[in-house]
Each structure stands twice: as C-alpha cells, then as structure tokens.
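Engineer: Have a look at the structure that comes next, please.
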Amino acid sequence: MSGAVTVRVPAKVNVRLAVGAARPDGFHDLANVFLAVSLFDEVTATAADALTVTCEGPDAHRVPLDRGNLAARAAEMLAERAGLDPAVHLHIDKRIPVAGGMAGGSADGAAALLACDALWGLSTPRAELLDICAALGSDVPFSLVGGAALGTGRGELLTPVDAGTFHWVFAVADGGLSTPAVFREFDRLAAASGTEVPAPVAPPELLAALASGDPDALAATLANDLQPAALSLRPGLAGVLAAGADAGALAGLVSGSGPTTAFLVRDAEAAAKVAAGLDASGTCRATHVASGPAAGATVLPA
C-alpha cells in the first residue's frame with residue numbers, strides 16, 4: 001500500500017441529451033452523447049484512521065464533506081466489496097463547477113474509486129469498477145471512461161463513439177441547479193404540453209459530425225432536451241446563451257441539467273474571444289476554456 005494516490009478526472013459536456021418519459025422507477029431513459037473536456041478535478045487518497053473528506057477550490061464551500069459526497073460513497077462501496085475498513089482521507093482539488101451540469105460530483109466519485117483501488121492494491125477488474133460506478137450514479141461510469149461515448153439506459157450503459165477535437169467555452173452561473181428538480185420540471189412541461197415524449201435517440205448526423213471533427217457540423221446538431229426545463233427554473237440563462245452567441249460562439253446550450261452553459265467555438269483563438277465577451281457581458285460568474293475529448297479518470301505519477 002503506497003502513501004498517497006492522486007487521480008485526475010475530467011468534466012463532461014452533453015453534445016446531445018435526449019430524454020424519454022419518466023420510467024416506473026422514477027428515472028428516464030436517455031440517449032446521452034458525452035464528451036469529456038479538459039477541465040479537471042483531482043482526488044488524492046491517503047491512508048488514514050477513518051474515512052474523511054476535505055476540499056479546496058473556488059466552490060469548495062459548496063461541496064459536502066460527509067457521506068453525501070460521492071467520493072466518500074465510492075470509497076465505502078469499494079471497501080465493502082473488498083472486505084476492508086474504508087480508512088482513507090480523500091482530498092478533492094475542485095475545479096469543475098459544483099452542481100453545474102458538468103458531472104463534477106460524479107467525476108469525484110470515479111476518481112476516488114480509482115484512487116482507493118490503487119491505494120489499497122486491489123487491482124479490481126474494470127468491469128467491476130464500472131458496476132460500482134453505475135451504482136453510484138448515472139454519470140459516474142463515463143467519468144471513469146472519458147473520451148466520447150453514447151450513454152443509454154439512464155446514461156450508465158456506455159458505447160464508445162469516435163470524436164475529433166472540439167473547443168469549448170463554459171460559462172459558470174451563480175448557484176447551482178438540482179438535477180432531480182430539472183427532471184421534475186421536464187416532466188411537468190411534458191405533461192402540460194399534452195404530447196407524448198418520444199423515445200430518446202442519438203441522431204446519426206450528430207454522431208457523424210462528432211466523428212468528423214467539424215465544428216460547424218456539430219454546431220448544427222447540438223441539442224439538450226433538458227434545456228427548456230433548466231431555462232424555466234433559471235430564466236436568466238437565456239441571457240447567457242444570447243451573450244455567448246453575440247461573442248461569436250458557433251452554438252450554445254445548457255450543459256446537462258445546468259446551470260453551466262457550454263459554447264462550441266471554432267478553435268482556441270475563438271475560445272479566448274468568446275470567453276472575454278462572456279466575461280464582459282456580466283451574465284455569468286466565471287468562464288473556463290477547454291477542449292475535448294479528454295481522457296477519463298487517470299492515476300497521476302507519484
């Protein structure tokens with residue numbers, strides 16, 4: 001057992017999030033095209049007398065440090081499977097927006113799982129790690145895998161897809177949005193419309209655009225079925241989307257359940273221009289420039 005293990009893990013953007021009707025279990029079937037991007041958290045696992053969690057970063061005060069944190073739950077689940085006491089200190093260097101629709105909590109769960117597996121010398125098979133990830137949450141398996149993938153079921157069943165390199169600007173809003181609340185609003189809006197929610201699919205033209213690396217083609221196919229619900233709960237996000245368009249983004253959308261908004265741009269130079277425009281607009285708290293696909297959860301050299 002080594003003294004400490006650090007794992008770097010990426011944020012994600014949903015380039016297509018198709019949402020089906022609510023299932024009897026309360027979840028929704030999804031066709032969720034994930035792209036991991038170069039905005040990272042790092043989780044360090046260190047041997048300790050008991051399970052503890054600490055956090056640093058701009059939004060650290062909003063991160064739970066108890067068993068409600070997915071990193072802590074990941075350590076507990078792995079330890080239970082291995083017949084170990086989850087005696088580990090988990091330190092999160094938090095750079096992914098909190099409750100921002102970029103799977104920051106899920107990323108920390110995947111990172112803690114991999115870090116504890118290495119710290120405890122378990123060499124757990126990848127399939128078992130993915131099973132634990134799926135039990136932790138719908139987005140956690142993708143945080144482990146990274147790259148680009150189509151998530152079906154509730155998002156946890158992953159099929160890798162091809163992706164060229166794309167450049168993004170992310171605008172961070174004040175406060176967060178609860179993913180369950182956004183799905184409840186999706187259900188409310190669907191019921192109010194009186195129309196049947198179609199089965200979710202990932203359009204072939206989107207997958208082709210993703211594989212091509214052509215930002216114009218991808219811009220024409222980006223979509224998020226949760227966006228109307230997020231805008232209903234946070235109407236001010238419409239102003240952020242407009243500001244990104246005015247700054248020159250090829251396309252913009254709410255990332256996942258929001259409230260972070262994601263803007264696709266042509267290249268790194270355009271990303272800097274759009275980020276500056278968004279910062280000057282006063283419509284968001286901060287901006288981040290990133291590209292994808294990025295690698296999934298990765299153990300860093302000691």
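Chain labels run A, B, ... following the order of the structure tokens; each chain numbers its residues from 1, and ligands are numbered from 1 in the order shown.
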Show me, as a list of chain:residue names, the residues that have an atom within 8 Å of Thr287 in chain A when counting only C-alpha atoms, minus same-chain residues fewer than 2 positions from it.

Structural biologist: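 Non-adjacent residues within range: A:Val169, A:Phe170, A:Ala171, A:Val172, A:Ala275, A:Leu278, A:Asp279, A:Cys284, A:Arg285, A:Val289.
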
Engineer: Limited to C-alpha atoms, could you put the picked residues into a file as a PDB file, in the first residue's frame?

Structural biologist:
ATOM      1  CA  VAL A 169     -16.138  27.853 -23.504  1.00  0.00           C
ATOM      2  CA  PHE A 170     -18.113  27.155 -20.317  1.00  0.00           C
ATOM      3  CA  ALA A 171     -19.952  29.946 -18.525  1.00  0.00           C
ATOM      4  CA  VAL A 172     -20.489  29.292 -14.815  1.00  0.00           C
ATOM      5  CA  ALA A 275     -14.682  33.848 -23.077  1.00  0.00           C
ATOM      6  CA  LEU A 278     -18.927  36.462 -21.846  1.00  0.00           C
ATOM      7  CA  ASP A 279     -16.816  37.830 -19.005  1.00  0.00           C
ATOM      8  CA  CYS A 284     -22.041  34.776 -15.707  1.00  0.00           C
ATOM      9  CA  ARG A 285     -19.788  34.374 -12.686  1.00  0.00           C
ATOM     10  CA  VAL A 289     -11.879  27.369 -21.817  1.00  0.00           C
TER      11      VAL A 289
END

Engineer: Neighbours of Asp108 in chain A within 10 Å (only C-alpha atoms; same-chain residues fewer than 4 positions away dropped), as a PyMOL selection string?

Structural biologist: chain A and resi 7-11+40-43+69-72+74+90-94+96+103-104+112-114+140+143-144+297

Engineer: Extract, using only C-alpha atoms, all DNA, RNA and protein residues at most 8 Å from range 259-273 of chain A, discarding same-chain residues fewer than 3 positions from it, and format them as a count of residues only.

Structural biologist: 37

Engineer: With a distance cut-off of 9 Å and only C-alpha atoms, select the neighbouring residues of Phe34 in chain A, excluding the residue or stretch itself and same-chain residues fewer than 6 positions from it, and output the selection as a PyMOL selection string.

Structural biologist: chain A and resi 12-17+142+146-151

Engineer: For range 222-300 of chain A versus range 192-201 of chain A, which residues have an atom no more than 12 Å away, and what is each residue's nearest atom pair and distance in Å rounded to one decimal, using only C-alpha atoms, chain-then-number order, as CSV?

Structural biologist:
residue,atom,partner,partner_atom,distance
A:Ala223,CA,A:Val201,CA,11.6
A:Asn224,CA,A:Pro200,CA,11.2
A:Asp225,CA,A:Pro200,CA,9.5

Engineer: With a distance cut-off of 10 Å and only C-alpha atoms, select the neighbouring residues of Ala181 in chain A, excluding the residue or stretch itself and same-chain residues fewer than 6 positions from it, and output the selection as a VMD selection string.

Structural biologist: chain A and resid 187 229 to 230 233 257

Engineer: Name the closest residue to Asp131 in chain A among the candidates A:Val182, A:Met77, A:Val88, A:Val161; distances are taken between atoms, counting only C-alpha atoms.

Structural biologist: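 Nearest to Asp131 in chain A: A:Met77.
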
Engineer: Given only C-alpha atoms as the basis, pick out the residue of A:Ala107, A:Ala31, A:Leu226, A:Ala118 nearest to Ala302 in chain A.

Structural biologist: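 Of all the options, A:Ala118 lies closest to Ala302 in chain A.
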
Engineer: Please indicate the distance in Å from CA of Ala135 in chain A to CA of Arg73 in chain A, rounded to one decimal place.

Structural biologist: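 Computing it gives 10.1 Å between the two atoms.
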
Engineer: Just give me the gap between CA of Ala209 in chain A and CA of Ala127 in chain A in Å, one decimal is fine.

Structural biologist: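 About the pair CA of Ala209 in chain A and CA of Ala127 in chain A: they are 29.6 Å apart.
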
Engineer: Taking 5 positions as the minimum chain separation for residues in the same chain, which residues sit within 10 Å of Arg23 in chain A when counting only C-alpha atoms? Answer as a list in words.

Structural biologist: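 Residues near the query, excluding close chain neighbours: His28, Asp29 and Arg154 of chain A.
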
Engineer: Taking the backbone alone, and naming residues the way the document does, which bits of range 26-103 of chain A are alpha helix (DSSP H) by DSSP, as a PyMOL selection string?

Structural biologist: chain A and resi 70-82

Engineer: Please save N, CA, C and O atoms of the selected residues as a PDB file, in the first residue's frame.

Structural biologist:
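Listed below is the output, result-v1.pdb:
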ATOM      1  N   LEU A  70     -20.077  11.814  -3.209  1.00  0.00           N
ATOM      2  CA  LEU A  70     -19.908  10.582  -3.987  1.00  0.00           C
ATOM      3  C   LEU A  70     -18.512   9.987  -3.830  1.00  0.00           C
ATOM      4  O   LEU A  70     -18.342   8.772  -3.965  1.00  0.00           O
ATOM      5  N   ALA A  71     -17.521  10.819  -3.560  1.00  0.00           N
ATOM      6  CA  ALA A  71     -16.174  10.283  -3.340  1.00  0.00           C
ATOM      7  C   ALA A  71     -16.163   9.393  -2.094  1.00  0.00           C
ATOM      8  O   ALA A  71     -15.591   8.298  -2.104  1.00  0.00           O
ATOM      9  N   ALA A  72     -16.795   9.850  -1.028  1.00  0.00           N
ATOM     10  CA  ALA A  72     -16.865   9.044   0.193  1.00  0.00           C
ATOM     11  C   ALA A  72     -17.657   7.768  -0.042  1.00  0.00           C
ATOM     12  O   ALA A  72     -17.262   6.675   0.412  1.00  0.00           O
ATOM     13  N   ARG A  73     -18.770   7.883  -0.762  1.00  0.00           N
ATOM     14  CA  ARG A  73     -19.579   6.699  -1.031  1.00  0.00           C
ATOM     15  C   ARG A  73     -18.825   5.693  -1.890  1.00  0.00           C
ATOM     16  O   ARG A  73     -18.956   4.471  -1.716  1.00  0.00           O
ATOM     17  N   ALA A  74     -18.027   6.189  -2.833  1.00  0.00           N
ATOM     18  CA  ALA A  74     -17.227   5.295  -3.671  1.00  0.00           C
ATOM     19  C   ALA A  74     -16.237   4.506  -2.819  1.00  0.00           C
ATOM     20  O   ALA A  74     -16.071   3.291  -2.991  1.00  0.00           O
ATOM     21  N   ALA A  75     -15.565   5.195  -1.892  1.00  0.00           N
ATOM     22  CA  ALA A  75     -14.609   4.513  -1.012  1.00  0.00           C
ATOM     23  C   ALA A  75     -15.310   3.453  -0.173  1.00  0.00           C
ATOM     24  O   ALA A  75     -14.802   2.336  -0.003  1.00  0.00           O
ATOM     25  N   GLU A  76     -16.482   3.781   0.351  1.00  0.00           N
ATOM     26  CA  GLU A  76     -17.223   2.824   1.172  1.00  0.00           C
ATOM     27  C   GLU A  76     -17.651   1.603   0.378  1.00  0.00           C
ATOM     28  O   GLU A  76     -17.534   0.461   0.842  1.00  0.00           O
ATOM     29  N   MET A  77     -18.143   1.826  -0.847  1.00  0.00           N
ATOM     30  CA  MET A  77     -18.614   0.700  -1.653  1.00  0.00           C
ATOM     31  C   MET A  77     -17.467  -0.213  -2.055  1.00  0.00           C
ATOM     32  O   MET A  77     -17.597  -1.446  -2.024  1.00  0.00           O
ATOM     33  N   LEU A  78     -16.337   0.366  -2.430  1.00  0.00           N
ATOM     34  CA  LEU A  78     -15.190  -0.451  -2.811  1.00  0.00           C
ATOM     35  C   LEU A  78     -14.667  -1.225  -1.599  1.00  0.00           C
ATOM     36  O   LEU A  78     -14.356  -2.422  -1.705  1.00  0.00           O
ATOM     37  N   ALA A  79     -14.583  -0.566  -0.451  1.00  0.00           N
ATOM     38  CA  ALA A  79     -14.095  -1.233   0.754  1.00  0.00           C
ATOM     39  C   ALA A  79     -15.016  -2.384   1.154  1.00  0.00           C
ATOM     40  O   ALA A  79     -14.547  -3.465   1.538  1.00  0.00           O
ATOM     41  N   GLU A  80     -16.327  -2.166   1.044  1.00  0.00           N
ATOM     42  CA  GLU A  80     -17.272  -3.220   1.397  1.00  0.00           C
ATOM     43  C   GLU A  80     -17.088  -4.438   0.504  1.00  0.00           C
ATOM     44  O   GLU A  80     -17.093  -5.582   0.976  1.00  0.00           O
ATOM     45  N   ARG A  81     -16.896  -4.219  -0.785  1.00  0.00           N
ATOM     46  CA  ARG A  81     -16.690  -5.335  -1.711  1.00  0.00           C
ATOM     47  C   ARG A  81     -15.408  -6.094  -1.385  1.00  0.00           C
ATOM     48  O   ARG A  81     -15.337  -7.306  -1.587  1.00  0.00           O
ATOM     49  N   ALA A  82     -14.399  -5.365  -0.929  1.00  0.00           N
ATOM     50  CA  ALA A  82     -13.098  -5.982  -0.672  1.00  0.00           C
ATOM     51  C   ALA A  82     -12.954  -6.483   0.764  1.00  0.00           C
ATOM     52  O   ALA A  82     -11.923  -7.077   1.107  1.00  0.00           O
TER      53      ALA A  82
END
